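Asks: File model-v7.txt below, compact mmCIF, C-alpha atoms and all ligand atoms:
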# COMPACT_ATOMS: atom_id res chain seq x y z
CA MET A 7 126.01 26.96 -46.70
CA GLN A 8 126.88 27.92 -43.17
CA ALA A 9 130.62 27.38 -42.67
CA VAL A 10 132.01 27.41 -39.18
CA ASN A 11 135.33 29.22 -38.95
CA SER A 12 136.89 29.15 -35.55
CA MET A 13 140.53 29.73 -36.48
CA THR A 14 140.66 33.40 -35.60
CA GLU A 15 139.77 33.00 -31.94
CA ASN A 16 142.25 34.09 -29.30
CA HIS A 17 142.32 31.34 -26.76
CA GLN A 18 143.15 31.17 -23.14
CA TYR A 19 144.75 27.83 -22.33
CA HIS A 20 144.33 25.52 -19.37
CA THR A 21 146.56 22.61 -18.50
CA THR A 22 145.01 19.19 -18.56
CA ASN A 23 146.50 15.74 -18.56
CA ILE A 24 146.11 12.71 -20.79
CA THR A 25 144.09 10.05 -18.99
CA LYS A 26 143.85 7.32 -21.62
CA ILE A 27 145.03 6.55 -25.16
CA HIS A 28 143.39 4.29 -27.75
CA ARG A 29 145.36 3.60 -30.87
CA LEU A 30 142.79 2.97 -33.61
CA SER A 31 145.27 2.27 -36.41
CA GLU A 32 148.90 2.87 -37.34
CA ASP A 33 148.37 6.62 -37.50
CA ALA A 34 145.05 7.36 -35.75
CA PHE A 35 144.52 7.86 -32.05
CA VAL A 36 141.82 8.74 -29.57
CA PHE A 37 143.32 10.69 -26.69
CA TYR A 38 141.30 11.19 -23.51
CA PHE A 39 141.92 14.15 -21.24
CA GLN A 40 140.77 15.21 -17.82
CA LYS A 41 137.60 17.19 -18.57
CA LEU A 42 137.85 20.76 -17.30
CA PHE A 43 134.68 22.24 -18.85
CA SER A 44 131.32 21.01 -20.06
CA PHE A 45 130.62 21.29 -23.78
CA LYS A 46 127.94 20.90 -26.43
CA PRO A 47 128.18 18.01 -28.91
CA GLY A 48 129.87 19.32 -32.06
CA GLU A 49 132.21 21.74 -30.29
CA VAL A 50 135.98 21.89 -30.75
CA VAL A 51 138.97 22.63 -28.55
CA ALA A 52 142.27 24.29 -29.42
CA LEU A 53 145.24 22.22 -28.33
CA THR A 54 148.95 22.93 -28.04
CA LEU A 55 151.93 21.37 -26.29
CA HIS A 56 153.46 24.73 -25.33
CA GLN A 57 151.56 27.94 -24.68
CA GLN A 58 153.79 29.94 -27.05
CA GLU A 59 153.22 27.58 -30.01
CA PRO A 60 150.31 27.91 -32.44
CA ALA A 61 147.45 25.60 -31.51
CA ARG A 62 145.49 23.18 -33.66
CA LEU A 63 141.74 22.64 -33.45
CA TYR A 64 140.10 19.28 -32.71
CA SER A 65 136.45 18.29 -32.60
CA ILE A 66 135.52 16.67 -29.33
CA CYS A 67 134.55 13.06 -30.06
CA SER A 68 133.29 11.99 -26.61
CA GLY A 69 129.79 12.30 -25.23
CA VAL A 70 128.77 15.18 -22.99
CA ASN A 71 128.17 12.90 -20.00
CA GLU A 72 131.44 10.97 -20.20
CA SER A 73 133.88 11.69 -17.44
CA ASP A 74 136.79 12.46 -19.80
CA LEU A 75 137.00 14.60 -22.92
CA ALA A 76 138.29 12.81 -26.03
CA ILE A 77 139.62 13.82 -29.43
CA LEU A 78 140.33 11.69 -32.48
CA PHE A 79 143.35 12.64 -34.57
CA LYS A 80 145.39 11.31 -37.42
CA VAL A 81 149.13 11.88 -37.55
CA LYS A 82 150.32 14.06 -40.43
CA PRO A 83 153.93 12.84 -40.78
CA ASP A 84 155.20 16.32 -41.73
CA GLY A 85 152.78 18.15 -39.46
CA PHE A 86 153.71 20.52 -36.65
CA LEU A 87 151.66 19.06 -33.79
CA THR A 88 150.38 15.57 -34.47
CA PRO A 89 153.72 13.66 -34.72
CA ARG A 90 154.70 15.06 -31.30
CA LEU A 91 151.25 14.59 -29.80
CA ALA A 92 151.33 10.93 -30.81
CA GLN A 93 154.51 10.49 -28.71
CA LYS A 94 152.78 11.60 -25.52
CA THR A 95 151.71 9.13 -22.87
CA VAL A 96 149.15 8.90 -20.07
CA GLY A 97 149.81 11.54 -17.42
CA ASP A 98 151.51 14.02 -19.78
CA LEU A 99 150.23 17.60 -19.76
CA VAL A 100 148.86 19.59 -22.71
CA PHE A 101 147.32 23.04 -23.03
CA MET A 102 143.68 23.17 -24.05
CA SER A 103 141.17 25.94 -24.63
CA LYS A 104 137.59 25.94 -23.41
CA PRO A 105 135.32 24.13 -25.88
CA PHE A 106 133.71 26.39 -28.48
CA GLY A 107 132.08 26.27 -31.90
CA ALA A 108 128.82 26.49 -33.77
CA PHE A 109 128.44 23.05 -35.38
CA TYR A 110 125.69 21.80 -33.14
CA GLY A 111 123.77 18.55 -33.29
CA THR A 112 119.97 18.60 -33.24
CA GLN A 113 117.13 16.20 -32.47
CA ASN A 114 115.91 16.42 -36.11
CA SER A 115 116.21 13.86 -38.93
CA ASP A 116 119.48 15.34 -40.14
CA TYR A 117 121.99 13.89 -42.55
CA TRP A 118 125.50 13.56 -41.17
CA ILE A 119 128.18 13.41 -43.85
CA ALA A 120 131.82 12.76 -42.96
CA ALA A 121 135.13 11.48 -44.23
CA GLY A 122 138.12 10.38 -42.14
CA THR A 123 138.52 12.12 -38.80
CA GLY A 124 135.53 14.30 -39.74
CA ILE A 125 133.47 11.63 -38.00
CA ALA A 126 134.52 13.01 -34.58
CA PRO A 127 131.66 15.50 -33.94
CA PHE A 128 129.08 12.93 -35.07
CA HIS A 129 130.51 10.41 -32.62
CA SER A 130 130.16 13.01 -29.88
CA MET A 131 126.56 13.72 -30.94
CA THR A 132 125.88 9.97 -31.00
CA LYS A 133 127.32 9.48 -27.52
CA SER A 134 125.30 12.49 -26.32
CA GLY A 135 121.92 11.05 -27.31
CA LEU A 136 121.37 12.79 -30.65
CA VAL A 137 121.66 9.80 -32.98
CA GLN A 138 118.01 8.84 -33.42
CA ASN A 139 116.57 9.26 -36.95
CA LYS A 140 119.89 10.32 -38.41
CA THR A 141 121.44 9.17 -41.67
CA LEU A 142 125.22 8.94 -41.45
CA ILE A 143 127.05 8.76 -44.78
CA TYR A 144 130.71 8.07 -44.13
CA GLY A 145 133.42 7.99 -46.79
CA GLY A 146 136.72 6.13 -46.53
CA ARG A 147 139.13 3.88 -48.37
CA GLU A 148 140.55 1.00 -46.39
CA PRO A 149 138.75 -0.70 -43.46
CA GLY A 150 140.95 1.11 -40.90
CA SER A 151 139.75 4.52 -42.05
CA PHE A 152 136.16 3.97 -40.84
CA TYR A 153 136.70 5.13 -37.28
CA PHE A 154 134.07 3.93 -34.77
CA HIS A 155 132.60 1.63 -37.45
CA GLU A 156 131.61 -0.98 -34.86
CA VAL A 157 129.79 1.65 -32.80
CA PHE A 158 127.75 3.05 -35.68
CA LYS A 159 127.01 -0.35 -37.23
CA ASN A 160 125.22 -1.49 -34.10
CA ILE A 161 122.98 1.50 -33.41
CA ASP A 162 119.24 1.00 -33.89
CA GLY A 163 117.65 4.14 -35.23
CA LEU A 164 120.73 5.18 -37.21
CA ASN A 165 120.80 4.71 -40.98
CA TYR A 166 124.56 4.12 -41.33
CA ILE A 167 126.02 4.10 -44.84
CA PRO A 168 129.79 3.61 -45.02
CA CYS A 169 130.98 4.31 -48.59
CA SER A 170 134.13 3.03 -50.22
CA SER A 171 135.12 2.71 -53.85
CA THR A 172 137.86 0.19 -53.03
CA LEU A 173 136.30 -2.03 -50.33
CA LYS A 174 133.88 -4.63 -51.59
CA GLN A 175 132.19 -5.78 -48.41
CA ASP A 176 128.68 -6.43 -47.17
CA GLY A 177 127.23 -3.42 -45.46
CA PHE A 178 129.30 -0.98 -47.52
CA TYR A 179 128.09 1.16 -50.40
CA GLU A 180 130.44 0.45 -53.30
CA GLY A 181 131.49 3.88 -54.48
CA ARG A 182 132.66 7.21 -53.19
CA LEU A 183 130.67 9.26 -50.75
CA THR A 184 129.94 11.80 -53.49
CA ALA A 185 128.71 9.00 -55.78
CA TYR A 186 126.21 8.03 -53.09
CA LEU A 187 125.07 11.63 -52.73
CA LYS A 188 124.69 11.94 -56.52
CA SER A 189 122.73 8.78 -57.20
CA GLU A 190 120.84 7.56 -54.12
CA PRO A 191 117.51 8.82 -52.78
CA LEU A 192 117.87 11.73 -50.34
CA ASP A 193 115.24 13.64 -48.42
CA ILE A 194 116.35 17.05 -49.62
CA ARG A 195 114.11 18.91 -47.13
CA GLN A 196 116.39 17.91 -44.22
CA ASN A 197 119.50 19.61 -42.90
CA PHE A 198 122.84 18.25 -44.08
CA PHE A 199 125.80 18.46 -41.68
CA LEU A 200 129.17 18.04 -43.40
CA CYS A 201 132.51 17.51 -41.67
CA GLY A 202 135.96 16.78 -43.09
CA SER A 203 138.55 18.19 -45.45
CA ALA A 204 137.81 21.27 -47.55
CA GLU A 205 137.89 19.12 -50.69
CA MET A 206 135.29 16.66 -49.37
CA VAL A 207 133.03 19.39 -47.99
CA VAL A 208 133.10 21.47 -51.18
CA GLN A 209 132.51 18.47 -53.46
CA SER A 210 129.65 17.20 -51.30
CA ARG A 211 128.10 20.64 -51.02
CA ASP A 212 128.12 21.05 -54.81
CA VAL A 213 126.41 17.69 -55.29
CA LEU A 214 123.79 18.49 -52.64
CA ILE A 215 122.99 21.84 -54.23
CA ASP A 216 122.63 20.10 -57.62
CA ARG A 217 120.23 17.67 -55.96
CA GLY A 218 118.08 20.57 -54.77
CA VAL A 219 119.17 20.94 -51.15
CA LYS A 220 118.84 24.55 -50.04
CA TYR A 221 122.15 26.32 -49.43
CA GLU A 222 121.07 27.36 -45.93
CA ASN A 223 120.32 23.72 -45.04
CA ILE A 224 123.97 22.74 -45.53
CA ILE A 225 126.03 23.24 -42.38
CA SER A 226 129.72 22.50 -42.59
CA GLU A 227 132.76 22.15 -40.38
CA ILE A 228 135.94 22.25 -42.48
CA TYR A 229 139.17 20.73 -41.21
CA PHE A 230 142.05 22.69 -42.68
C1 LIG B 301 137.40 23.28 -36.88
C2 LIG B 301 138.49 22.22 -37.05
C3 LIG B 301 138.35 21.00 -36.42
C4 LIG B 301 139.32 20.01 -36.58
N1 LIG B 301 139.15 18.79 -35.99
C5 LIG B 301 140.04 17.80 -36.21
C6 LIG B 301 139.84 16.49 -35.63
O1 LIG B 301 138.86 16.23 -34.91
N2 LIG B 301 140.77 15.54 -35.89
C7 LIG B 301 141.87 15.78 -36.69
O2 LIG B 301 142.68 14.86 -36.90
N3 LIG B 301 142.08 17.01 -37.24
C8 LIG B 301 141.20 18.01 -37.00
N4 LIG B 301 141.43 19.25 -37.55
C9 LIG B 301 142.72 19.49 -38.22
C10 LIG B 301 143.78 19.86 -37.14
O3 LIG B 301 143.47 21.13 -36.58
C11 LIG B 301 145.20 19.90 -37.68
O4 LIG B 301 145.22 20.73 -38.82
C12 LIG B 301 145.76 18.53 -38.05
O5 LIG B 301 145.72 17.66 -36.92
C13 LIG B 301 147.21 18.62 -38.53
O6 LIG B 301 147.97 19.28 -37.54
P1 LIG B 301 149.58 19.24 -37.60
O7 LIG B 301 150.05 20.39 -36.77
O8 LIG B 301 150.10 17.89 -37.27
O9 LIG B 301 149.88 19.46 -39.13
P2 LIG B 301 150.17 20.87 -39.87
O10 LIG B 301 151.48 21.41 -39.47
O11 LIG B 301 149.00 21.75 -39.66
O12 LIG B 301 150.24 20.38 -41.34
C14 LIG B 301 149.12 19.69 -41.96
C15 LIG B 301 149.49 19.41 -43.39
O13 LIG B 301 149.61 20.64 -44.08
C16 LIG B 301 150.90 20.74 -44.65
N5 LIG B 301 151.34 22.13 -44.47
C17 LIG B 301 151.58 22.78 -43.31
N6 LIG B 301 151.97 24.04 -43.54
C18 LIG B 301 151.97 24.19 -44.87
C19 LIG B 301 152.25 25.25 -45.76
N7 LIG B 301 152.64 26.44 -45.30
N8 LIG B 301 152.12 25.04 -47.08
C20 LIG B 301 151.73 23.86 -47.57
N9 LIG B 301 151.44 22.81 -46.79
C21 LIG B 301 151.56 22.97 -45.49
C22 LIG B 301 151.78 19.77 -43.88
O14 LIG B 301 152.82 19.30 -44.70
C23 LIG B 301 150.79 18.67 -43.50
O15 LIG B 301 150.69 17.69 -44.49
C24 LIG B 301 140.46 20.26 -37.39
C25 LIG B 301 140.61 21.52 -38.00
C26 LIG B 301 139.64 22.47 -37.84
C27 LIG B 301 139.81 23.81 -38.53
Would you mind writing the file out in C-alpha cells?
Replies:
Amino acid sequence: MQAVNSMTENHQYHTTNITKIHRLSEDAFVFYFQKLFSFKPGEVVALTLHQQEPARLYSICSGVNESDLAILFKVKPDGFLTPRLAQKTVGDLVFMSKPFGAFYGTQNSDYWIAAGTGIAPFHSMTKSGLVQNKTLIYGGREPGSFYFHEVFKNIDGLNYIPCSSTLKQDGFYEGRLTAYLKSEPLDIRQNFFLCGSAEMVVQSRDVLIDRGVKYENIISEIYF
C-alpha cells in the first residue's frame, strides 16, 4: 500500500480570504477561499488561523478550473482548529500553504473508497474531469454524512455505491463499506484509492488484500 504522509512538511504560509461558506450539516462546512495557486486534483493544503500555531491539513474538494479553492471539514468539538474555523465568516483571513501531495487522480477505471470527509479529494477529481469509469464506494451512517450525495448520484459514467448499515433507502447498499468490499464483485486488477480515517483505511486495505488486490495497487490518504 502506498500511504501518503504529508505531515512532516515545513510550510510557508500565504494569506487568503474566505469567499463563500456552505454549511452542509450541523457540523460540516465547505469553505471557499481566494485561490492563490493552481493544484492537481487530490492535493491538500495546510491551514492555520495564526502563523505561529500548528496547521492542519485539508484535501482540496473543488475542481481545478473553479475560480475559488474549497475544503470540506467537520468540526471536532474538542479540536484545536475546526471549532474556531467554523466561527469565521466571509472576508476573514486565514493562512494557507501551497497545495501539495501525492494522492493523484487518474483517467483509469479506479475504485474510489471513502468515508466521511474522506470524500473531498474524490469530489475534486470529479469536478476536474476524472470521474468517468470510476466506482465510488462511500461509507456513512446518517443521510447527512454522505457529503455531495446529490452530485455523485447524478453523474453518468460513475458507479456510485453509498453504503450504510443503518439507512434503509433505495440506492443505498445496506451494510458497512467493508461489508460491501468483502462480499460484492470487485475487479481486483484495478487501482484502489482509499481516503478517510486510519481505522477505515486499514480495515478496507485488509479486506482488499484478502480479496486478492495487490498491495501496490492500494493507494491511501489517511486523515489523522
Ligand atoms: C492528509 C490529510 C488530509 C486531511 N483532509 C481533511 C479534510 O479534507 N477534511 C477534514 O475534515 N479533515 C481532514 N484532515 C484532518 C484535519 O487535518 C484535522 O485533523 C481535523 O480537521 C481536526 O482538526 P482540529 O484541530 O479541529 O482537531 P485536533 O485538535 O487535531 O483534534 C482531533 C481529535 O483528536 C483528539 N486529540 C487531539 N490531540 C490529542 C491527543 N494528544 N491525544 C488524544 N486525542 C487527541 C481531539 O480530542 C479531537 O477529537 C486531514 C488530515 C490529513 C493528515
Asks: Fewer than 2 positions away in the same chain doesn't count, so skip those; otherwise give me all residues within 8 Å of A:Thr123, counting all atoms listed in the file, as a list in words.
Replies: Leu78, Phe79, Lys80, Ala120, Ala121, Ile125, Ala126, Tyr153 and Gly202 of chain A
Asks: One number please: atom C9 of ligand LIG 301 (chain B) to atom CA of A:Tyr229, in Å, one decimal.
Replies: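 Atom-to-atom, atom C9 of ligand LIG 301 (chain B) and atom CA of A:Tyr229 are spaced 4.8 Å apart.
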Asks: Kindly compile the residues surrounding ligand LIG 301 (chain B) within 9 Å, counting only C-alpha atoms and all ligand atoms, and format them as a PDB file with C-alpha atoms, in the coordinates of the input.
Replies:
ATOM      1  CA  VAL A  10     132.010  27.410 -39.180  1.00  0.00           C
ATOM      2  CA  ASN A  11     135.330  29.220 -38.950  1.00  0.00           C
ATOM      3  CA  SER A  12     136.890  29.150 -35.550  1.00  0.00           C
ATOM      4  CA  MET A  13     140.530  29.730 -36.480  1.00  0.00           C
ATOM      5  CA  ALA A  34     145.050   7.360 -35.750  1.00  0.00           C
ATOM      6  CA  PHE A  35     144.520   7.860 -32.050  1.00  0.00           C
ATOM      7  CA  GLU A  49     132.210  21.740 -30.290  1.00  0.00           C
ATOM      8  CA  VAL A  50     135.980  21.890 -30.750  1.00  0.00           C
ATOM      9  CA  VAL A  51     138.970  22.630 -28.550  1.00  0.00           C
ATOM     10  CA  ALA A  52     142.270  24.290 -29.420  1.00  0.00           C
ATOM     11  CA  LEU A  53     145.240  22.220 -28.330  1.00  0.00           C
ATOM     12  CA  PRO A  60     150.310  27.910 -32.440  1.00  0.00           C
ATOM     13  CA  ALA A  61     147.450  25.600 -31.510  1.00  0.00           C
ATOM     14  CA  ARG A  62     145.490  23.180 -33.660  1.00  0.00           C
ATOM     15  CA  LEU A  63     141.740  22.640 -33.450  1.00  0.00           C
ATOM     16  CA  TYR A  64     140.100  19.280 -32.710  1.00  0.00           C
ATOM     17  CA  SER A  65     136.450  18.290 -32.600  1.00  0.00           C
ATOM     18  CA  ILE A  66     135.520  16.670 -29.330  1.00  0.00           C
ATOM     19  CA  CYS A  67     134.550  13.060 -30.060  1.00  0.00           C
ATOM     20  CA  ILE A  77     139.620  13.820 -29.430  1.00  0.00           C
ATOM     21  CA  LEU A  78     140.330  11.690 -32.480  1.00  0.00           C
ATOM     22  CA  PHE A  79     143.350  12.640 -34.570  1.00  0.00           C
ATOM     23  CA  LYS A  80     145.390  11.310 -37.420  1.00  0.00           C
ATOM     24  CA  VAL A  81     149.130  11.880 -37.550  1.00  0.00           C
ATOM     25  CA  LYS A  82     150.320  14.060 -40.430  1.00  0.00           C
ATOM     26  CA  PRO A  83     153.930  12.840 -40.780  1.00  0.00           C
ATOM     27  CA  ASP A  84     155.200  16.320 -41.730  1.00  0.00           C
ATOM     28  CA  GLY A  85     152.780  18.150 -39.460  1.00  0.00           C
ATOM     29  CA  PHE A  86     153.710  20.520 -36.650  1.00  0.00           C
ATOM     30  CA  LEU A  87     151.660  19.060 -33.790  1.00  0.00           C
ATOM     31  CA  THR A  88     150.380  15.570 -34.470  1.00  0.00           C
ATOM     32  CA  PRO A  89     153.720  13.660 -34.720  1.00  0.00           C
ATOM     33  CA  ARG A  90     154.700  15.060 -31.300  1.00  0.00           C
ATOM     34  CA  LEU A  91     151.250  14.590 -29.800  1.00  0.00           C
ATOM     35  CA  GLY A 107     132.080  26.270 -31.900  1.00  0.00           C
ATOM     36  CA  GLY A 122     138.120  10.380 -42.140  1.00  0.00           C
ATOM     37  CA  THR A 123     138.520  12.120 -38.800  1.00  0.00           C
ATOM     38  CA  GLY A 124     135.530  14.300 -39.740  1.00  0.00           C
ATOM     39  CA  ILE A 125     133.470  11.630 -38.000  1.00  0.00           C
ATOM     40  CA  ALA A 126     134.520  13.010 -34.580  1.00  0.00           C
ATOM     41  CA  PRO A 127     131.660  15.500 -33.940  1.00  0.00           C
ATOM     42  CA  CYS A 201     132.510  17.510 -41.670  1.00  0.00           C
ATOM     43  CA  GLY A 202     135.960  16.780 -43.090  1.00  0.00           C
ATOM     44  CA  SER A 203     138.550  18.190 -45.450  1.00  0.00           C
ATOM     45  CA  GLU A 227     132.760  22.150 -40.380  1.00  0.00           C
ATOM     46  CA  ILE A 228     135.940  22.250 -42.480  1.00  0.00           C
ATOM     47  CA  TYR A 229     139.170  20.730 -41.210  1.00  0.00           C
ATOM     48  CA  PHE A 230     142.050  22.690 -42.680  1.00  0.00           C
TER      49      PHE A 230
END
Asks: Report as a PyMOL selection string all protein, DNA and RNA residues lying within 9 Å of A:Arg195, evaluated on only C-alpha atoms, omitting residues in the same chain fewer than 4 positions from it.
Replies: chain A and resi 218-220+223
Asks: When you look at A:Tyr221 with a cut-off of 12 Å (counting all atoms listed in the file), what residues show up, excluding the ones that are within fewer than 6 positions of it in the same chain? I need them as a list in words.
Replies: Met7, Gln8, Ala9, Ile194, Arg195, Gln196, Asn197, Phe198, Phe199, Ser210, Arg211, Asp212, Val213, Leu214 and Ile215 of chain A
Asks: Those residues with C-alpha atoms, as a PDB file, keeping the file's coordinate frame please?
Replies:
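Output below, filename part.pdb:
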ATOM      1  CA  MET A   7     126.010  26.960 -46.700  1.00  0.00           C
ATOM      2  CA  GLN A   8     126.880  27.920 -43.170  1.00  0.00           C
ATOM      3  CA  ALA A   9     130.620  27.380 -42.670  1.00  0.00           C
ATOM      4  CA  ILE A 194     116.350  17.050 -49.620  1.00  0.00           C
ATOM      5  CA  ARG A 195     114.110  18.910 -47.130  1.00  0.00           C
ATOM      6  CA  GLN A 196     116.390  17.910 -44.220  1.00  0.00           C
ATOM      7  CA  ASN A 197     119.500  19.610 -42.900  1.00  0.00           C
ATOM      8  CA  PHE A 198     122.840  18.250 -44.080  1.00  0.00           C
ATOM      9  CA  PHE A 199     125.800  18.460 -41.680  1.00  0.00           C
ATOM     10  CA  SER A 210     129.650  17.200 -51.300  1.00  0.00           C
ATOM     11  CA  ARG A 211     128.100  20.640 -51.020  1.00  0.00           C
ATOM     12  CA  ASP A 212     128.120  21.050 -54.810  1.00  0.00           C
ATOM     13  CA  VAL A 213     126.410  17.690 -55.290  1.00  0.00           C
ATOM     14  CA  LEU A 214     123.790  18.490 -52.640  1.00  0.00           C
ATOM     15  CA  ILE A 215     122.990  21.840 -54.230  1.00  0.00           C
TER      16      ILE A 215
END
Asks: Could you name the residues that touch stretch 132-134 of chain A at 8 Å or less, counting all atoms listed in the file, but leaving out those on the same chain fewer than 4 positions away, as a list in words?
Replies: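 In the requested form, the answer reads Pro47, Ser68, Gly69, Val70, Asn71 and Phe128 of chain A.
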Asks: Tell me which of A:His155, A:Lys26, A:Arg147, A:Lys41 sits closest to A:Gly181, counting only C-alpha atoms.
Replies: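 Of all the options, A:Arg147 lies closest to A:Gly181.
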Asks: Compare A:Thr172, A:Thr95, A:Ser130, A:Thr21 by their minimum atom-to-atom distance to A:Leu55, counting only C-alpha atoms, and give me the closest one.
Replies: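 Closest residue, counting only C-alpha atoms: A:Thr21.
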Asks: From the options A:Lys174, A:Lys159, A:Lys94, A:Lys46, which residue's atoms come nearest to A:Gly111, counting all atoms listed in the file?
Replies: A:Lys46
Asks: Work out how far apart atom CA of A:Gln113 and atom CA of A:Ile225 are and give it in Å to one decimal.
Replies: 15.1 Å
Asks: Neighbouring residues of A:Ser170 were defined as those with any atom within 8 Å, considering all atoms listed in the file; residues of the same chain fewer than 4 positions away were excluded. Please report them as a ChimeraX atom specification.
Replies: /A:145-148,174,178-183
Asks: Given the choices A:Phe158, A:Phe152, A:Phe101, A:Phe106, which gets closest to A:His129 if the distance is worked out from all atoms listed in the file?
Replies: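 Once distances to A:His129 are computed over all atoms listed in the file, the minimum belongs to A:Phe158.
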Asks: How far is it from atom CA of A:Glu156 to atom CA of A:Ser31, in Å with one decimal?
Replies: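 One can read the atom CA of A:Glu156 to atom CA of A:Ser31 distance as 14.1 Å.
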Asks: Any chance you could model N, CA and C atoms for stretch 99-114 of chain A and send them as a compact mmCIF listing (two decimals), in the frame of the given file?
Replies:
# COMPACT_ATOMS: atom_id res chain seq x y z
N LEU A 99 151.06 16.39 -19.75
CA LEU A 99 150.23 17.60 -19.76
C LEU A 99 150.16 18.21 -21.16
N VAL A 100 149.01 18.79 -21.48
CA VAL A 100 148.86 19.59 -22.71
C VAL A 100 148.11 20.86 -22.32
N PHE A 101 148.08 21.81 -23.25
CA PHE A 101 147.32 23.04 -23.03
C PHE A 101 146.09 23.00 -23.93
N MET A 102 144.95 23.28 -23.31
CA MET A 102 143.68 23.17 -24.05
C MET A 102 142.80 24.38 -23.76
N SER A 103 142.11 24.83 -24.81
CA SER A 103 141.17 25.94 -24.63
C SER A 103 139.85 25.41 -24.08
N LYS A 104 138.97 26.32 -23.70
CA LYS A 104 137.59 25.94 -23.41
C LYS A 104 136.96 25.47 -24.71
N PRO A 105 136.01 24.54 -24.65
CA PRO A 105 135.32 24.13 -25.88
C PRO A 105 134.53 25.30 -26.47
N PHE A 106 134.47 25.34 -27.80
CA PHE A 106 133.71 26.39 -28.48
C PHE A 106 133.29 25.87 -29.86
N GLY A 107 132.48 26.65 -30.55
CA GLY A 107 132.08 26.27 -31.90
C GLY A 107 130.67 26.66 -32.21
N ALA A 108 130.19 26.18 -33.35
CA ALA A 108 128.82 26.49 -33.77
C ALA A 108 128.25 25.37 -34.64
N PHE A 109 128.86 24.20 -34.57
CA PHE A 109 128.44 23.05 -35.38
C PHE A 109 127.65 22.12 -34.46
N TYR A 110 126.42 22.48 -34.21
CA TYR A 110 125.69 21.80 -33.14
C TYR A 110 124.71 20.76 -33.64
N GLY A 111 124.71 19.62 -32.97
CA GLY A 111 123.77 18.55 -33.29
C GLY A 111 122.36 18.94 -32.87
N THR A 112 121.38 18.32 -33.55
CA THR A 112 119.97 18.60 -33.24
C THR A 112 119.24 17.28 -33.01
N GLN A 113 117.98 17.39 -32.64
CA GLN A 113 117.13 16.20 -32.47
C GLN A 113 116.41 15.86 -33.78
N ASN A 114 116.66 16.61 -34.85
CA ASN A 114 115.91 16.42 -36.11
C ASN A 114 116.46 15.25 -36.93
